[in-house]
file target-v3.pdb (PDB, C-alpha atoms)
MODEL        1
ATOM      1  CA  MET A  45     -10.467 -19.210  13.801  1.00  0.00           C
ATOM      2  CA  LEU A  46      -9.525 -21.945  16.224  1.00  0.00           C
ATOM      3  CA  GLU A  47     -12.340 -24.126  14.885  1.00  0.00           C
ATOM      4  CA  ALA A  48     -11.033 -23.648  11.317  1.00  0.00           C
ATOM      5  CA  LEU A  49      -7.530 -24.587  12.456  1.00  0.00           C
ATOM      6  CA  ILE A  50      -8.734 -27.759  14.163  1.00  0.00           C
ATOM      7  CA  ALA A  51     -10.871 -28.665  11.129  1.00  0.00           C
ATOM      8  CA  GLY A  52      -7.838 -28.298   8.833  1.00  0.00           C
ATOM      9  CA  GLU A  53      -9.438 -25.445   6.878  1.00  0.00           C
ATOM     10  CA  ILE A  54      -6.461 -23.183   7.552  1.00  0.00           C
ATOM     11  CA  GLU A  55      -2.752 -23.832   7.964  1.00  0.00           C
ATOM     12  CA  PRO A  56       0.006 -21.610   9.378  1.00  0.00           C
ATOM     13  CA  GLY A  57       2.394 -20.540   6.644  1.00  0.00           C
ATOM     14  CA  LYS A  58      -0.233 -21.064   3.937  1.00  0.00           C
ATOM     15  CA  SER A  59      -3.384 -19.237   5.017  1.00  0.00           C
ATOM     16  CA  THR A  60      -4.097 -15.548   5.516  1.00  0.00           C
ATOM     17  CA  MET A  61      -6.912 -14.413   7.774  1.00  0.00           C
ATOM     18  CA  ILE A  62      -9.182 -11.720   6.350  1.00  0.00           C
ATOM     19  CA  GLY A  63     -11.201  -9.687   8.835  1.00  0.00           C
ATOM     20  CA  PRO A  64     -13.932  -7.401   7.486  1.00  0.00           C
ATOM     21  CA  SER A  65     -14.613  -4.958  10.295  1.00  0.00           C
ATOM     22  CA  SER A  66     -15.250  -1.430  11.442  1.00  0.00           C
ATOM     23  CA  GLY A  67     -12.560  -1.932  14.052  1.00  0.00           C
ATOM     24  CA  ASN A  68     -12.999  -4.089  17.132  1.00  0.00           C
ATOM     25  CA  PHE A  69     -13.472  -7.408  15.337  1.00  0.00           C
ATOM     26  CA  GLY A  70     -10.490  -6.542  13.126  1.00  0.00           C
ATOM     27  CA  ILE A  71      -8.350  -5.872  16.185  1.00  0.00           C
ATOM     28  CA  GLY A  72      -9.321  -9.309  17.500  1.00  0.00           C
ATOM     29  CA  VAL A  73      -8.561 -10.992  14.172  1.00  0.00           C
ATOM     30  CA  ALA A  74      -5.118  -9.361  14.024  1.00  0.00           C
ATOM     31  CA  TYR A  75      -4.375 -10.325  17.633  1.00  0.00           C
ATOM     32  CA  VAL A  76      -5.436 -13.973  17.406  1.00  0.00           C
ATOM     33  CA  SER A  77      -3.814 -14.344  13.974  1.00  0.00           C
ATOM     34  CA  ARG A  78      -0.510 -13.206  15.401  1.00  0.00           C
ATOM     35  CA  ILE A  79      -0.756 -15.621  18.321  1.00  0.00           C
ATOM     36  CA  LEU A  80      -1.571 -18.544  16.011  1.00  0.00           C
ATOM     37  CA  GLY A  81       1.065 -17.619  13.406  1.00  0.00           C
ATOM     38  CA  PHE A  82      -1.129 -16.359  10.571  1.00  0.00           C
ATOM     39  CA  PRO A  83      -0.799 -13.153   8.578  1.00  0.00           C
ATOM     40  CA  SER A  84      -3.952 -11.028   8.615  1.00  0.00           C
ATOM     41  CA  VAL A  85      -5.560  -8.370   6.485  1.00  0.00           C
ATOM     42  CA  ILE A  86      -8.257  -6.224   8.020  1.00  0.00           C
ATOM     43  CA  VAL A  87     -10.672  -4.653   5.551  1.00  0.00           C
ATOM     44  CA  MET A  88     -12.239  -1.575   7.098  1.00  0.00           C
ATOM     45  CA  PRO A  89     -13.590   1.897   6.278  1.00  0.00           C
ATOM     46  CA  LYS A  90     -11.193   4.796   5.851  1.00  0.00           C
ATOM     47  CA  GLY A  91     -13.117   6.935   8.358  1.00  0.00           C
ATOM     48  CA  MET A  92     -12.385   4.899  11.478  1.00  0.00           C
ATOM     49  CA  SER A  93     -10.179   5.999  14.381  1.00  0.00           C
ATOM     50  CA  ARG A  94      -6.415   6.198  14.106  1.00  0.00           C
ATOM     51  CA  GLU A  95      -6.185   4.190  17.347  1.00  0.00           C
ATOM     52  CA  ARG A  96      -7.892   1.220  15.704  1.00  0.00           C
ATOM     53  CA  TYR A  97      -5.487   1.282  12.791  1.00  0.00           C
ATOM     54  CA  GLU A  98      -2.511   1.525  15.133  1.00  0.00           C
ATOM     55  CA  ARG A  99      -3.674  -1.392  17.281  1.00  0.00           C
ATOM     56  CA  ILE A 100      -4.186  -3.608  14.224  1.00  0.00           C
ATOM     57  CA  LYS A 101      -0.703  -2.742  12.960  1.00  0.00           C
ATOM     58  CA  GLN A 102       0.741  -3.324  16.440  1.00  0.00           C
ATOM     59  CA  TYR A 103      -0.582  -6.893  16.228  1.00  0.00           C
ATOM     60  CA  GLY A 104       0.972  -7.361  12.788  1.00  0.00           C
ATOM     61  CA  GLY A 105      -2.194  -6.941  10.725  1.00  0.00           C
ATOM     62  CA  LYS A 106      -2.246  -5.216   7.372  1.00  0.00           C
ATOM     63  CA  ILE A 107      -5.067  -2.789   6.658  1.00  0.00           C
ATOM     64  CA  ASP A 108      -7.038  -2.493   3.421  1.00  0.00           C
ATOM     65  CA  LEU A 109      -9.174   0.647   3.607  1.00  0.00           C
ATOM     66  CA  THR A 110     -12.443   1.258   1.804  1.00  0.00           C
ATOM     67  CA  PRO A 111     -14.131   4.648   1.349  1.00  0.00           C
ATOM     68  CA  GLY A 112     -16.516   5.930   3.974  1.00  0.00           C
ATOM     69  CA  SER A 113     -17.096   5.372   7.658  1.00  0.00           C
ATOM     70  CA  GLU A 114     -18.737   2.857   9.984  1.00  0.00           C
ATOM     71  CA  SER A 115     -22.092   3.183   8.210  1.00  0.00           C
ATOM     72  CA  ASP A 116     -20.503   2.137   4.884  1.00  0.00           C
ATOM     73  CA  LEU A 117     -19.864  -1.502   5.752  1.00  0.00           C
ATOM     74  CA  ILE A 118     -21.387  -2.680   2.462  1.00  0.00           C
ATOM     75  CA  LEU A 119     -18.207  -1.388   0.792  1.00  0.00           C
ATOM     76  CA  VAL A 120     -16.130  -3.447   3.233  1.00  0.00           C
ATOM     77  CA  LEU A 121     -18.144  -6.562   2.419  1.00  0.00           C
ATOM     78  CA  GLU A 122     -17.842  -5.940  -1.328  1.00  0.00           C
ATOM     79  CA  LYS A 123     -14.060  -5.535  -1.011  1.00  0.00           C
ATOM     80  CA  THR A 124     -13.913  -8.723   1.073  1.00  0.00           C
ATOM     81  CA  GLU A 125     -15.404 -10.671  -1.847  1.00  0.00           C
ATOM     82  CA  THR A 126     -12.188 -10.059  -3.810  1.00  0.00           C
ATOM     83  CA  TYR A 127     -10.209 -11.842  -1.080  1.00  0.00           C
ATOM     84  CA  LYS A 128     -12.413 -14.924  -1.377  1.00  0.00           C
ATOM     85  CA  GLN A 129     -11.010 -15.540  -4.859  1.00  0.00           C
ATOM     86  CA  ASP A 130      -7.713 -16.719  -3.344  1.00  0.00           C
ATOM     87  CA  PRO A 131      -8.159 -20.158  -1.727  1.00  0.00           C
ATOM     88  CA  HIS A 132      -5.359 -19.369   0.748  1.00  0.00           C
ATOM     89  CA  ASN A 133      -7.475 -16.619   2.305  1.00  0.00           C
ATOM     90  CA  LYS A 134      -9.910 -17.401   5.097  1.00  0.00           C
ATOM     91  CA  VAL A 135     -12.562 -14.725   5.520  1.00  0.00           C
ATOM     92  CA  LEU A 136     -13.762 -14.521   9.096  1.00  0.00           C
ATOM     93  CA  ALA A 137     -17.296 -13.143   8.974  1.00  0.00           C
ATOM     94  CA  GLN A 138     -18.120 -12.096  12.515  1.00  0.00           C
ATOM     95  CA  PHE A 139     -21.897 -12.396  12.194  1.00  0.00           C
ATOM     96  CA  GLU A 140     -21.642 -15.887  10.727  1.00  0.00           C
ATOM     97  CA  MET A 141     -19.230 -17.265  13.308  1.00  0.00           C
ATOM     98  CA  PHE A 142     -20.851 -19.151  16.176  1.00  0.00           C
ATOM     99  CA  PRO A 143     -17.840 -18.571  18.479  1.00  0.00           C
ATOM    100  CA  ASN A 144     -18.330 -14.799  18.050  1.00  0.00           C
ATOM    101  CA  TYR A 145     -21.971 -15.113  19.094  1.00  0.00           C
ATOM    102  CA  ARG A 146     -21.007 -17.337  22.025  1.00  0.00           C
ATOM    103  CA  PHE A 147     -18.340 -14.908  23.234  1.00  0.00           C
ATOM    104  CA  HIS A 148     -20.697 -11.926  23.123  1.00  0.00           C
ATOM    105  CA  ARG A 149     -23.495 -13.808  24.860  1.00  0.00           C
ATOM    106  CA  PHE A 150     -21.442 -15.213  27.711  1.00  0.00           C
ATOM    107  CA  VAL A 151     -18.564 -12.745  28.057  1.00  0.00           C
ATOM    108  CA  THR A 152     -19.516  -9.334  26.698  1.00  0.00           C
ATOM    109  CA  GLY A 153     -23.170  -9.632  27.730  1.00  0.00           C
ATOM    110  CA  GLY A 154     -22.443 -11.566  30.884  1.00  0.00           C
ATOM    111  CA  SER A 155     -25.410 -13.906  30.338  1.00  0.00           C
ATOM    112  CA  ARG A 156     -25.534 -16.879  32.671  1.00  0.00           C
ATOM    113  CA  ASP A 157     -28.240 -18.796  30.748  1.00  0.00           C
TER     114      ASP A 157
ENDMDL
END
call {"tool": "encode", "arguments": {"input": "target-v3.pdb", "output": "structure tokens"}}
result
Amino acid sequence: MLEALIAGEIEPGKSTMIGPSSGNFGIGVAYVSRILGFPSVIVMPKGMSRERYERIKQYGGKIDLTPGSESDLILVLEKTETYKQDPHNKVLAQFEMFPNYRFHRFVTGGSRD
């Protein structure tokens, strides 16, 4: 998200961050969006934990639920396509974002390579 902000692809007050997720990525999107002054919508399956929903709401994120559970992410991705129709929305696709890969490699995984 920070890269998109620096590149001028998103602007506080105009852009909404969309986070397709089964939970943890969505929590991160809601948290960083709040810090940077963006509204966020987290698209996630209906069958996820109440704690995840509460954390997202605590950070100011809205939740758009799809049917199913964690194994039904195709429904989340299909729903996310509808958000792409609005040019003010910025979809943050966790598996396409290099910073997400970098964080997991060097922080979550603790790699020192």
call {"tool": "closest_residue", "arguments": {"input": "target-v3.pdb", "among": "A:Leu136, A:Ile86, A:Ile54, A:Ala48", "to": "Lys101 in chain A", "atoms": "only C-alpha atoms"}}
result
A:Ile86
call {"tool": "atom_distance", "arguments": {"input": "target-v3.pdb", "atom1": "CA of Glu95 in chain A", "atom2": "CA of Phe69 in chain A"}}
result
13.8 Å
call {"tool": "resolve_selection", "arguments": {"input": "target-v3.pdb", "expression": "the PyMOL selection byres ((chain A and resi 80) around 12)", "output": "list in words"}}
result
Met45, Leu46, Ala48, Leu49, Ile50, Ile54, Glu55, Pro56, Gly57, Ser59, Thr60, Met61, Val73, Ala74, Tyr75, Val76, Ser77, Arg78, Ile79, Gly81, Phe82, Pro83, Ser84, Tyr103 and Gly104 of chain A
call {"tool": "closest_residue", "arguments": {"input": "target-v3.pdb", "among": "A:Ala51, A:Ile71, A:Ile62, A:Leu119", "to": "Ile100 in chain A", "atoms": "only C-alpha atoms"}}
result
A:Ile71
call {"tool": "closest_residue", "arguments": {"input": "target-v3.pdb", "among": "A:Ser115, A:Val87, A:Gln102, A:Met92", "to": "Tyr127 in chain A", "atoms": "only C-alpha atoms"}}
result
A:Val87
call {"tool": "atom_distance", "arguments": {"input": "target-v3.pdb", "atom1": "CA of Pro131 in chain A", "atom2": "CA of Pro111 in chain A"}}
result
25.7 Å
